Amino acid sequence: MFSHLIGGGGIYAVTPTADAFVWGGHYEDGSLIWRNRWTTPTQRIECRDALAYPGDADKVVLLRRIIAGDQDVQVHVVLNPRHGFGKHAFTRAALKDGTWTGRTGPLHVRWSGAPQATRSDNGSLTATVTVKAGHRLDLVLELSEQPLEDPIDADEAWRTTEASWSMIVPDVTGTLADEDVRHSLAVLHGLTTRGGGMVAGATMSLPERFGENRNYDYRYAWIRDQCYAGQAAASVGDFALLDDAVTFVTGRLLADGKDLKPAYTTDGGPVPDEEKLGLPGYPGGTDKIGNWVNQQFQLDALGEALLLLACTAGHDRLPPDGWKAVELAIEVIRAKQGQPEAGIWELDDQVWTHSRLSCVAGLRAIADHAGTGRGADWSALADTILADTAQSGLHPSGRWQRTPTDDRVDSALLIPAVRGALPADDPRTIATLDAVLDELGGTGFMYRFRQSPGPLGDSEGAFLLSGFMTALALHQQGRPVEAARWFERNRAARGTPGVFSEEYDVAQRQMRGNLPQAFVDALFIETASTLTRTPEETT
């Protein structure tokens with residue numbers, strides 16, 4: 001609808017009429033209600049923005065409330081919704097009883113709050129709006145594929161939205177960063193649909209690297225990301241997010257079994273193939289929708305699913321069909337654990353060491369909650385996979401390597417040990433952490449793996465997920481000061497709105513790629529919680 005970031009059409013903007021102003025803003029505590037703030041040479045203007053919450057699958061309601069302080073304020077408003085990334089113009093605009101209605105493609109549009117708006121040559125509605133001192137003005141935009149019925153009452157919509165955020169996002173105490181953790185929980189809730197599916201990112205086509213065609217569409221639900229988020233939420237007592245993750249992951253396991261995909265649409269459907277829209281794209285990138293992950297199999301997602309279900313069992317929240325989902329996941333692991341697959345970084349099919357060790361971690365975790373017979377069988381399978389992996393995935397130096405034919409170290413290899421695939425004092429665990437720190441850790445940020453000679457930052461940005469996982473690995477080794485330093489360094493990569501991107505350009509101190517990136521928020525939450533406990537308490 002509003003795709004200017006990637007060169008598409010459509011806009012909905014509220015801005016000061018003053019020529020010079022400074023912009024700022026923040027999310028209100030424990031919510032995704034955004035408070036814009038503009039300072040002009042003569043006044044300060046505020047505007048609250050929110051999607052009505054909880055959301056409606058059939059209708060989008062965007063609330064904007066312009067607030068005047070101790071003097072009159074004046075703003076410029078423009079609305080030009082264009083469905084299909086700018087393809088469909090805003091048509092049939094008509095004003096009745098102070099409310100505008102119209103169409104854009106298949107969508108019905110209704111907008112209230114600016115009856116004085118005029119129609120521009122490009123089809124947009126524009127208005128200059130004055131709000132008297134001490135007063136406020138509500139702008140309410142509704143979009144739906146169905147004819148719109150009763151108009152939205154702005155006051156009621158704001159009350160419901162505020163109350164819903166207050167109810168769903170719990171208070172957080174006892175972590176290393178309570179306020180930031182609560183905000184990350186709000187982000188994860190905001191990315192999660194009523195059916196439990198959580199999109200990996202809210203944006204698409206924002207490039208990770210200039211001119212390298214490395215920009216993706218993350219508006220889909222990844223099994224792995226959902227598992228990370230559920231476990232992280234459980235670590236701070238947010239069981240609503242845990243239950244959402246379990247509902248979605250078990251649903252997909254039960255439906256697809258051996259054909260489990262790495263990612264789905266939020267209602268459990270297939271991710272569409274990648275295609276371009278014919279737009280200029282964000283500077284340095286290209287426009288792209290859909291995702292090639294729909295053609296992949298990723299073994300580590302099965303291990304992560306077992307870890308999620310084990311976590312849920314530990315909180316006595318496993319649903320009735322949870323054990324059936326466990327057994328299906330283990331059947332797939334048993335059948336496919338030695339076969340090539342795409343791995344966590346979604347690359348070419350290889351026998352990835354990280355994936356196999358993640359399955360070991362998941363099997364060990366779920367075995368602890370099973371009966372004696374099944375638990376012993378699953379533990380034995382974990383031992384077998386570990387022994388097989390050690391035959392082919394161990395570097396001569398004693399650390400884990402990426403694949404049997406790729407002897408490089410990879411920051412993903414920290415994850416299985418943190419999850420319990422091997423003991424913390426296993427020499428392979430220690431050697432891998434030392435190698436990751438030595439070869440991939442730069443200035444307090446962590447890179448995924450070395451892609452080319454030269455400085456690590458020449459190939460891609462630092463990976464924030466890996467940075468927080470490094471903090472967890474150091475904590476597991478009883479190195480709390482180093483763990484805290486890594487935590488705080490990567491925590492500082494939050495952008496102005498308080499969200500994380502996937503990558504961080506260390507040299508330019510800029511965010512890279514799509515945002516917010518759910519799995520980074522998840523690992524941030526888990527690290528902030530875990531680092532307050534001793535390694536023994538964590539185990």
# chains A, B, ... in the order shown; residues from 1 in each chain; ligands from 1
call {"tool": "residues_around", "arguments": {"residues": "Arg509 in chain A", "least_positions_apart": "4", "cutoff": "12 Å", "atoms": "only C-alpha atoms", "output": "ChimeraX atom specification"}}
result
/A:443,445,457,461-462,489-490,492-495,503-505
call {"tool": "write_last_selection", "arguments": {"atoms": "N, CA, C and O atoms", "output": "PDB file, in the first residue's frame"}}
result
ATOM      1  N   THR A 443      35.765  -6.687  17.070  1.00  0.00           N
ATOM      2  CA  THR A 443      35.350  -5.495  17.819  1.00  0.00           C
ATOM      3  C   THR A 443      34.036  -5.698  18.557  1.00  0.00           C
ATOM      4  O   THR A 443      33.198  -4.807  18.632  1.00  0.00           O
ATOM      5  N   PHE A 445      31.580  -7.696  17.823  1.00  0.00           N
ATOM      6  CA  PHE A 445      30.492  -8.201  16.991  1.00  0.00           C
ATOM      7  C   PHE A 445      30.947  -9.489  16.319  1.00  0.00           C
ATOM      8  O   PHE A 445      32.142  -9.696  16.091  1.00  0.00           O
ATOM      9  N   GLY A 457      34.245  -7.656   7.511  1.00  0.00           N
ATOM     10  CA  GLY A 457      33.177  -6.738   7.147  1.00  0.00           C
ATOM     11  C   GLY A 457      33.090  -6.409   5.673  1.00  0.00           C
ATOM     12  O   GLY A 457      32.123  -5.777   5.239  1.00  0.00           O
ATOM     13  N   GLY A 461      27.712  -7.787   6.813  1.00  0.00           N
ATOM     14  CA  GLY A 461      27.699  -7.188   8.132  1.00  0.00           C
ATOM     15  C   GLY A 461      27.823  -8.233   9.226  1.00  0.00           C
ATOM     16  O   GLY A 461      27.680  -9.441   8.989  1.00  0.00           O
ATOM     17  N   ALA A 462      28.106  -7.757  10.426  1.00  0.00           N
ATOM     18  CA  ALA A 462      28.094  -8.651  11.581  1.00  0.00           C
ATOM     19  C   ALA A 462      26.676  -9.167  11.789  1.00  0.00           C
ATOM     20  O   ALA A 462      25.696  -8.481  11.512  1.00  0.00           O
ATOM     21  N   ARG A 489      27.460  -4.953  23.794  1.00  0.00           N
ATOM     22  CA  ARG A 489      27.925  -4.475  22.488  1.00  0.00           C
ATOM     23  C   ARG A 489      26.854  -4.703  21.424  1.00  0.00           C
ATOM     24  O   ARG A 489      26.539  -3.823  20.631  1.00  0.00           O
ATOM     25  N   ASN A 490      26.279  -5.893  21.406  1.00  0.00           N
ATOM     26  CA  ASN A 490      25.279  -6.198  20.385  1.00  0.00           C
ATOM     27  C   ASN A 490      23.937  -5.542  20.704  1.00  0.00           C
ATOM     28  O   ASN A 490      23.201  -5.183  19.783  1.00  0.00           O
ATOM     29  N   ALA A 492      23.661  -2.642  21.706  1.00  0.00           N
ATOM     30  CA  ALA A 492      23.811  -1.259  21.235  1.00  0.00           C
ATOM     31  C   ALA A 492      23.534  -1.116  19.746  1.00  0.00           C
ATOM     32  O   ALA A 492      23.468   0.008  19.237  1.00  0.00           O
ATOM     33  N   ALA A 493      23.355  -2.224  19.041  1.00  0.00           N
ATOM     34  CA  ALA A 493      23.074  -2.154  17.605  1.00  0.00           C
ATOM     35  C   ALA A 493      21.606  -1.887  17.307  1.00  0.00           C
ATOM     36  O   ALA A 493      21.211  -1.851  16.148  1.00  0.00           O
ATOM     37  N   ARG A 494      20.781  -1.711  18.316  1.00  0.00           N
ATOM     38  CA  ARG A 494      19.383  -1.324  18.088  1.00  0.00           C
ATOM     39  C   ARG A 494      19.345  -0.006  17.330  1.00  0.00           C
ATOM     40  O   ARG A 494      20.129   0.904  17.586  1.00  0.00           O
ATOM     41  N   GLY A 495      18.393   0.130  16.432  1.00  0.00           N
ATOM     42  CA  GLY A 495      18.211   1.386  15.726  1.00  0.00           C
ATOM     43  C   GLY A 495      17.440   2.387  16.565  1.00  0.00           C
ATOM     44  O   GLY A 495      17.016   2.102  17.693  1.00  0.00           O
ATOM     45  N   GLU A 503      21.594  -7.729  10.264  1.00  0.00           N
ATOM     46  CA  GLU A 503      23.029  -7.493  10.229  1.00  0.00           C
ATOM     47  C   GLU A 503      23.342  -6.065  10.668  1.00  0.00           C
ATOM     48  O   GLU A 503      22.474  -5.190  10.673  1.00  0.00           O
ATOM     49  N   TYR A 504      24.616  -5.855  11.003  1.00  0.00           N
ATOM     50  CA  TYR A 504      25.075  -4.546  11.449  1.00  0.00           C
ATOM     51  C   TYR A 504      26.421  -4.257  10.800  1.00  0.00           C
ATOM     52  O   TYR A 504      27.346  -5.073  10.880  1.00  0.00           O
ATOM     53  N   ASP A 505      26.501  -3.122  10.097  1.00  0.00           N
ATOM     54  CA  ASP A 505      27.751  -2.696   9.478  1.00  0.00           C
ATOM     55  C   ASP A 505      28.598  -2.029  10.561  1.00  0.00           C
ATOM     56  O   ASP A 505      28.309  -0.910  10.991  1.00  0.00           O
TER      57      ASP A 505
END
call {"tool": "residues_around", "arguments": {"residues": "Arg317 in chain A", "least_positions_apart": "4", "cutoff": "8 Å", "atoms": "only C-alpha atoms", "output": "PDB file with N, CA and C atoms, in the first residue's frame"}}
result
ATOM      1  N   ASP A 243       3.032 -20.371  23.684  1.00  0.00           N
ATOM      2  CA  ASP A 243       1.904 -21.159  23.196  1.00  0.00           C
ATOM      3  C   ASP A 243       1.656 -20.909  21.704  1.00  0.00           C
ATOM      4  N   THR A 312       8.420 -26.522  26.296  1.00  0.00           N
ATOM      5  CA  THR A 312       6.999 -26.471  26.610  1.00  0.00           C
ATOM      6  C   THR A 312       6.614 -27.565  27.594  1.00  0.00           C
ATOM      7  N   ALA A 313       7.148 -28.757  27.384  1.00  0.00           N
ATOM      8  CA  ALA A 313       6.881 -29.851  28.315  1.00  0.00           C
ATOM      9  C   ALA A 313       7.397 -29.514  29.705  1.00  0.00           C
TER      10      ALA A 313
END
call {"tool": "atom_distance", "arguments": {"atom1": "CA of Thr130 in chain A", "atom2": "CA of Glu28 in chain A"}}
result
24.8 Å
call {"tool": "residues_around", "arguments": {"residues": "Pro170 in chain A", "least_positions_apart": "3", "cutoff": "10 Å", "atoms": "only C-alpha atoms", "output": "short mmCIF file (atom, residue, chain, number, x, y, z; two decimals) with N, CA and C atoms, in the first residue's frame"}}
result
data_model
loop_
_atom_site.label_atom_id
_atom_site.label_comp_id
_atom_site.auth_asym_id
_atom_site.auth_seq_id
_atom_site.Cartn_x
_atom_site.Cartn_y
_atom_site.Cartn_z
N GLY A 30 5.95 -1.07 26.32
CA GLY A 30 5.21 -2.31 26.22
C GLY A 30 4.19 -2.36 25.10
N TRP A 165 -2.52 -4.05 24.37
CA TRP A 165 -1.07 -4.12 24.54
C TRP A 165 -0.71 -4.30 26.01
N SER A 166 -1.38 -3.59 26.88
CA SER A 166 -1.10 -3.71 28.31
C SER A 166 -1.36 -5.13 28.81
N MET A 167 -2.37 -5.76 28.25
CA MET A 167 -2.75 -7.10 28.69
C MET A 167 -1.81 -8.18 28.15
N THR A 173 10.91 -8.22 34.95
CA THR A 173 11.84 -7.87 36.02
C THR A 173 12.94 -8.92 36.11
N ARG A 182 11.15 -5.93 27.46
CA ARG A 182 9.70 -5.76 27.29
C ARG A 182 9.38 -5.23 25.90
N LEU A 185 9.61 -8.07 23.47
CA LEU A 185 8.41 -8.91 23.55
C LEU A 185 7.26 -8.27 22.76
N ALA A 186 7.12 -6.95 22.88
CA ALA A 186 6.08 -6.27 22.11
C ALA A 186 6.30 -6.45 20.61
N VAL A 236 11.30 -15.56 30.16
CA VAL A 236 10.87 -14.40 30.94
C VAL A 236 9.40 -14.49 31.29
N GLY A 237 8.81 -15.67 31.15
CA GLY A 237 7.44 -15.89 31.60
C GLY A 237 6.35 -15.42 30.67
N ASP A 238 6.67 -15.18 29.39
CA ASP A 238 5.64 -14.78 28.43
C ASP A 238 5.13 -16.05 27.75
N PHE A 239 4.18 -16.70 28.40
CA PHE A 239 3.72 -17.99 27.90
C PHE A 239 2.73 -17.87 26.74
N ALA A 240 2.19 -16.69 26.53
CA ALA A 240 1.33 -16.50 25.36
C ALA A 240 2.13 -16.67 24.08
#
call {"tool": "closest_residue", "arguments": {"among": "A:Val499, A:Leu299, A:Ala68, A:Ala365", "to": "Tyr27 in chain A", "atoms": "only C-alpha atoms"}}
result
A:Val499
call {"tool": "atom_distance", "arguments": {"atom1": "CA of Ile366 in chain A", "atom2": "CA of Ala325 in chain A"}}
result
11.6 Å
call {"tool": "residues_around", "arguments": {"residues": "range 136-143 of chain A", "least_positions_apart": "6", "cutoff": "7 Å", "atoms": "only C-alpha atoms", "output": "list of chain:residue names"}}
result
A:Lys59, A:Val60, A:Val61, A:Leu62, A:Leu63, A:Arg64, A:Arg65, A:Ile66, A:Ile67, A:Ala68, A:Leu107, A:His108, A:Val109, A:Arg110, A:Trp111, A:Ser112, A:Gly113, A:Ala154
call {"tool": "atom_distance", "arguments": {"atom1": "CA of Gly84 in chain A", "atom2": "CA of Ile289 in chain A"}}
result
11.5 Å
call {"tool": "select_by_dssp", "arguments": {"residues": "range 104-332 of chain A", "states": "strand (DSSP E or B)", "output": "CSV table (one decimal) with N, CA and C atoms, in the first residue's frame"}}
result
chain,number,residue,atom,x,y,z
A,104,THR,N,-9.0,1.1,-4.0
A,104,THR,CA,-7.7,0.9,-4.7
A,104,THR,C,-7.5,-0.6,-4.9
A,107,LEU,N,-9.4,-3.3,-2.8
A,107,LEU,CA,-9.6,-2.8,-1.4
A,107,LEU,C,-10.6,-1.7,-1.4
A,108,HIS,N,-11.5,-1.7,-0.3
A,108,HIS,CA,-12.3,-0.6,0.0
A,108,HIS,C,-11.5,0.3,1.0
A,109,VAL,N,-11.7,1.6,0.8
A,109,VAL,CA,-10.9,2.5,1.7
A,109,VAL,C,-11.9,3.5,2.3
A,110,ARG,N,-11.7,3.7,3.6
A,110,ARG,CA,-12.5,4.8,4.3
A,110,ARG,C,-11.5,5.6,5.2
A,111,TRP,N,-11.7,6.9,5.2
A,111,TRP,CA,-10.8,7.8,5.9
A,111,TRP,C,-11.5,8.9,6.5
A,112,SER,N,-11.4,9.1,7.8
A,112,SER,CA,-12.1,10.1,8.6
A,112,SER,C,-11.1,11.0,9.3
A,118,THR,N,-8.5,18.0,-0.2
A,118,THR,CA,-8.8,18.2,-1.6
A,118,THR,C,-8.1,17.1,-2.4
A,119,ARG,N,-8.7,16.8,-3.6
A,119,ARG,CA,-8.2,15.8,-4.4
A,119,ARG,C,-7.1,16.4,-5.3
A,125,LEU,N,-5.3,12.6,-1.6
A,125,LEU,CA,-6.0,13.6,-0.8
A,125,LEU,C,-5.0,14.3,0.0
A,126,THR,N,-5.1,15.7,0.0
A,126,THR,CA,-4.2,16.5,0.8
A,126,THR,C,-4.9,17.5,1.6
A,127,ALA,N,-4.4,17.8,2.7
A,127,ALA,CA,-5.0,18.8,3.6
A,127,ALA,C,-4.0,19.5,4.5
A,128,THR,N,-4.2,20.7,4.8
A,128,THR,CA,-3.5,21.4,5.9
A,128,THR,C,-4.4,21.5,7.1
A,129,VAL,N,-4.0,21.0,8.2
A,129,VAL,CA,-4.9,20.8,9.3
A,129,VAL,C,-4.3,21.6,10.5
A,130,THR,N,-5.2,22.3,11.1
A,130,THR,CA,-4.8,23.1,12.4
A,130,THR,C,-5.5,22.4,13.6
A,131,VAL,N,-4.7,22.2,14.6
A,131,VAL,CA,-5.3,21.6,15.8
A,131,VAL,C,-5.1,22.6,16.9
A,136,ARG,N,-6.9,17.6,20.2
A,136,ARG,CA,-6.3,16.6,19.4
A,136,ARG,C,-7.2,16.3,18.2
A,137,LEU,N,-6.6,15.7,17.2
A,137,LEU,CA,-7.4,15.3,16.0
A,137,LEU,C,-7.1,13.9,15.7
A,138,ASP,N,-8.1,13.1,15.5
A,138,ASP,CA,-8.0,11.7,15.1
A,138,ASP,C,-8.2,11.5,13.6
A,139,LEU,N,-7.2,10.8,13.0
A,139,LEU,CA,-7.3,10.4,11.6
A,139,LEU,C,-7.4,8.9,11.7
A,140,VAL,N,-8.5,8.3,11.0
A,140,VAL,CA,-8.7,6.9,11.1
A,140,VAL,C,-8.8,6.4,9.6
A,141,LEU,N,-7.9,5.5,9.2
A,141,LEU,CA,-7.8,4.9,7.9
A,141,LEU,C,-8.2,3.4,8.0
A,142,GLU,N,-9.2,3.0,7.2
A,142,GLU,CA,-9.7,1.6,7.2
A,142,GLU,C,-9.5,1.0,5.8
A,143,LEU,N,-9.0,-0.2,5.7
A,143,LEU,CA,-8.8,-0.9,4.4
A,143,LEU,C,-9.3,-2.3,4.5
A,144,SER,N,-10.1,-2.7,3.6
A,144,SER,CA,-10.7,-4.1,3.6
A,144,SER,C,-11.1,-4.6,2.2
A,192,THR,N,3.3,-11.5,15.3
A,192,THR,CA,2.6,-12.7,15.5
A,192,THR,C,1.1,-12.6,15.2
A,198,MET,N,4.3,-16.3,13.3
A,198,MET,CA,5.1,-15.1,13.5
A,198,MET,C,6.0,-14.9,12.3
A,201,GLY,N,10.3,-11.1,9.7
A,201,GLY,CA,10.6,-9.7,9.6
A,201,GLY,C,9.3,-9.0,9.0
A,204,MET,N,10.6,-6.1,3.5
A,204,MET,CA,11.1,-6.9,2.4
A,204,MET,C,12.0,-6.1,1.5
A,217,ASP,N,12.6,-11.3,1.1
A,217,ASP,CA,11.3,-11.1,1.6
A,217,ASP,C,11.1,-12.0,2.8
A,221,ALA,N,6.6,-17.0,8.0
A,221,ALA,CA,6.9,-17.6,9.4
A,221,ALA,C,7.9,-18.8,9.2
A,222,TRP,N,9.1,-18.6,9.7
A,222,TRP,CA,10.1,-19.6,9.7
A,222,TRP,C,10.0,-20.5,11.0
A,263,ALA,N,9.7,-22.6,6.0
A,263,ALA,CA,8.9,-21.4,6.3
A,263,ALA,C,7.6,-21.6,5.6
A,264,TYR,N,6.6,-20.8,6.1
A,264,TYR,CA,5.2,-20.9,5.6
A,264,TYR,C,4.7,-19.5,5.7
A,275,GLU,N,9.9,-13.5,-7.0
A,275,GLU,CA,9.7,-12.7,-8.2
A,275,GLU,C,10.0,-11.3,-8.0
A,289,ILE,N,9.8,-10.2,-4.0
A,289,ILE,CA,8.8,-10.8,-3.1
A,289,ILE,C,8.8,-12.3,-3.3
call {"tool": "residues_around", "arguments": {"residues": "range 385-387 of chain A", "least_positions_apart": "3", "cutoff": "8 Å", "atoms": "only C-alpha atoms", "output": "ChimeraX atom specification"}}
result
/A:337,356-357,360,381-382,390-391
call {"tool": "residues_around", "arguments": {"residues": "range 408-411 of chain A", "least_positions_apart": "4", "cutoff": "6 Å", "atoms": "only C-alpha atoms", "output": "list in words"}}
result
Gln401, Arg402, Val436, Arg448 and Phe449 of chain A
call {"tool": "residues_around", "arguments": {"residues": "range 42-44 of chain A", "least_positions_apart": "4", "cutoff": "8 Å", "atoms": "only C-alpha atoms", "output": "ChimeraX atom specification"}}
result
/A:37-38,69,71,73
call {"tool": "write_last_selection", "arguments": {"atoms": "N, CA, C and O atoms", "output": "mmCIF file, in the first residue's frame"}}
result
data_model
loop_
_atom_site.group_PDB
_atom_site.id
_atom_site.type_symbol
_atom_site.label_atom_id
_atom_site.label_comp_id
_atom_site.auth_asym_id
_atom_site.auth_seq_id
_atom_site.Cartn_x
_atom_site.Cartn_y
_atom_site.Cartn_z
ATOM 1 N N ARG A 37 7.397 12.842 17.133
ATOM 2 C CA ARG A 37 7.605 14.162 17.755
ATOM 3 C C ARG A 37 8.422 15.026 16.808
ATOM 4 O O ARG A 37 9.488 14.637 16.341
ATOM 5 N N TRP A 38 7.882 16.189 16.463
ATOM 6 C CA TRP A 38 8.587 17.136 15.605
ATOM 7 C C TRP A 38 8.814 18.431 16.373
ATOM 8 O O TRP A 38 7.903 18.949 17.024
ATOM 9 N N GLY A 69 -0.044 20.889 22.098
ATOM 10 C CA GLY A 69 0.277 21.208 23.478
ATOM 11 C C GLY A 69 -0.331 22.526 23.901
ATOM 12 O O GLY A 69 -1.547 22.727 23.849
ATOM 13 N N GLN A 71 -0.052 25.423 22.462
ATOM 14 C CA GLN A 71 -0.316 26.356 21.372
ATOM 15 C C GLN A 71 -0.860 25.607 20.168
ATOM 16 O O GLN A 71 -0.731 24.390 20.067
ATOM 17 N N VAL A 73 -1.189 23.973 16.590
ATOM 18 C CA VAL A 73 -0.209 23.353 15.707
ATOM 19 C C VAL A 73 -0.834 23.150 14.333
ATOM 20 O O VAL A 73 -2.052 23.009 14.194
#
call {"tool": "select_by_dssp", "arguments": {"residues": "range 47-285 of chain A", "states": "alpha helix (DSSP H)", "output": "PyMOL selection string"}}
result
chain A and resi 154-168+178-190+223-235+239-256
call {"tool": "closest_residue", "arguments": {"among": "A:Pro535, A:Gly343, A:Pro16, A:Gly373", "to": "Gln74 in chain A", "atoms": "only C-alpha atoms"}}
result
A:Pro16
call {"tool": "closest_residue", "arguments": {"among": "A:Asp388, A:Asp287, A:Glu162, A:Glu341", "to": "Arg48 in chain A", "atoms": "only C-alpha atoms"}}
result
A:Glu162
call {"tool": "decode", "arguments": {"residues": "range 29-53 of chain A", "atoms": "N, CA and C atoms", "output": "tab-separated table (two decimals), in the first residue's frame"}}
result
chain	number	residue	atom	x	y	z
A	29	ASP	N	5.80	2.43	26.07
A	29	ASP	CA	6.25	1.27	26.84
A	29	ASP	C	5.33	0.07	26.65
A	30	GLY	N	5.95	-1.07	26.32
A	30	GLY	CA	5.21	-2.31	26.22
A	30	GLY	C	4.19	-2.36	25.10
A	31	SER	N	4.42	-1.62	24.04
A	31	SER	CA	3.46	-1.58	22.94
A	31	SER	C	4.17	-1.26	21.63
A	32	LEU	N	3.41	-1.35	20.54
A	32	LEU	CA	3.88	-0.85	19.26
A	32	LEU	C	3.09	0.39	18.87
A	33	ILE	N	2.73	1.19	19.85
A	33	ILE	CA	2.14	2.51	19.61
A	33	ILE	C	3.31	3.48	19.48
A	34	TRP	N	3.41	4.08	18.31
A	34	TRP	CA	4.54	4.96	18.03
A	34	TRP	C	4.14	6.41	18.27
A	35	ARG	N	5.01	7.15	18.94
A	35	ARG	CA	4.75	8.57	19.21
A	35	ARG	C	5.77	9.41	18.44
A	36	ASN	N	5.30	9.96	17.32
A	36	ASN	CA	6.12	10.90	16.55
A	36	ASN	C	6.26	12.21	17.31
A	37	ARG	N	7.40	12.84	17.13
A	37	ARG	CA	7.60	14.16	17.75
A	37	ARG	C	8.42	15.03	16.81
A	38	TRP	N	7.88	16.19	16.46
A	38	TRP	CA	8.59	17.14	15.61
A	38	TRP	C	8.81	18.43	16.37
A	39	THR	N	10.01	18.95	16.28
A	39	THR	CA	10.34	20.25	16.88
A	39	THR	C	10.63	21.23	15.75
A	40	THR	N	9.83	22.28	15.67
A	40	THR	CA	10.03	23.34	14.68
A	40	THR	C	10.65	24.54	15.38
A	41	PRO	N	10.98	25.60	14.66
A	41	PRO	CA	11.55	26.77	15.34
A	41	PRO	C	10.63	27.40	16.39
A	42	THR	N	9.33	27.10	16.32
A	42	THR	CA	8.39	27.79	17.22
A	42	THR	C	7.54	26.85	18.07
A	43	GLN	N	7.53	25.56	17.79
A	43	GLN	CA	6.60	24.68	18.53
A	43	GLN	C	7.06	23.23	18.47
A	44	ARG	N	6.39	22.42	19.31
A	44	ARG	CA	6.60	20.98	19.29
A	44	ARG	C	5.27	20.30	18.98
A	45	ILE	N	5.30	19.35	18.06
A	45	ILE	CA	4.11	18.66	17.60
A	45	ILE	C	4.27	17.16	17.86
A	46	GLU	N	3.21	16.52	18.32
A	46	GLU	CA	3.24	15.08	18.53
A	46	GLU	C	2.10	14.41	17.77
A	47	CYS	N	2.37	13.18	17.33
A	47	CYS	CA	1.35	12.41	16.63
A	47	CYS	C	1.54	10.94	17.00
A	48	ARG	N	0.51	10.34	17.59
A	48	ARG	CA	0.56	8.92	17.93
A	48	ARG	C	0.07	8.11	16.73
A	49	ASP	N	0.79	7.04	16.41
A	49	ASP	CA	0.43	6.15	15.31
A	49	ASP	C	0.30	4.73	15.85
A	50	ALA	N	-0.71	4.02	15.39
A	50	ALA	CA	-0.85	2.62	15.78
A	50	ALA	C	-1.75	1.89	14.80
A	51	LEU	N	-1.43	0.62	14.57
A	51	LEU	CA	-2.41	-0.28	13.99
A	51	LEU	C	-3.34	-0.71	15.11
A	52	ALA	N	-4.66	-0.68	14.86
A	52	ALA	CA	-5.61	-1.11	15.88
A	52	ALA	C	-5.26	-2.53	16.33
A	53	TYR	N	-5.26	-2.74	17.63
A	53	TYR	CA	-4.83	-4.01	18.19
A	53	TYR	C	-5.86	-4.52	19.19
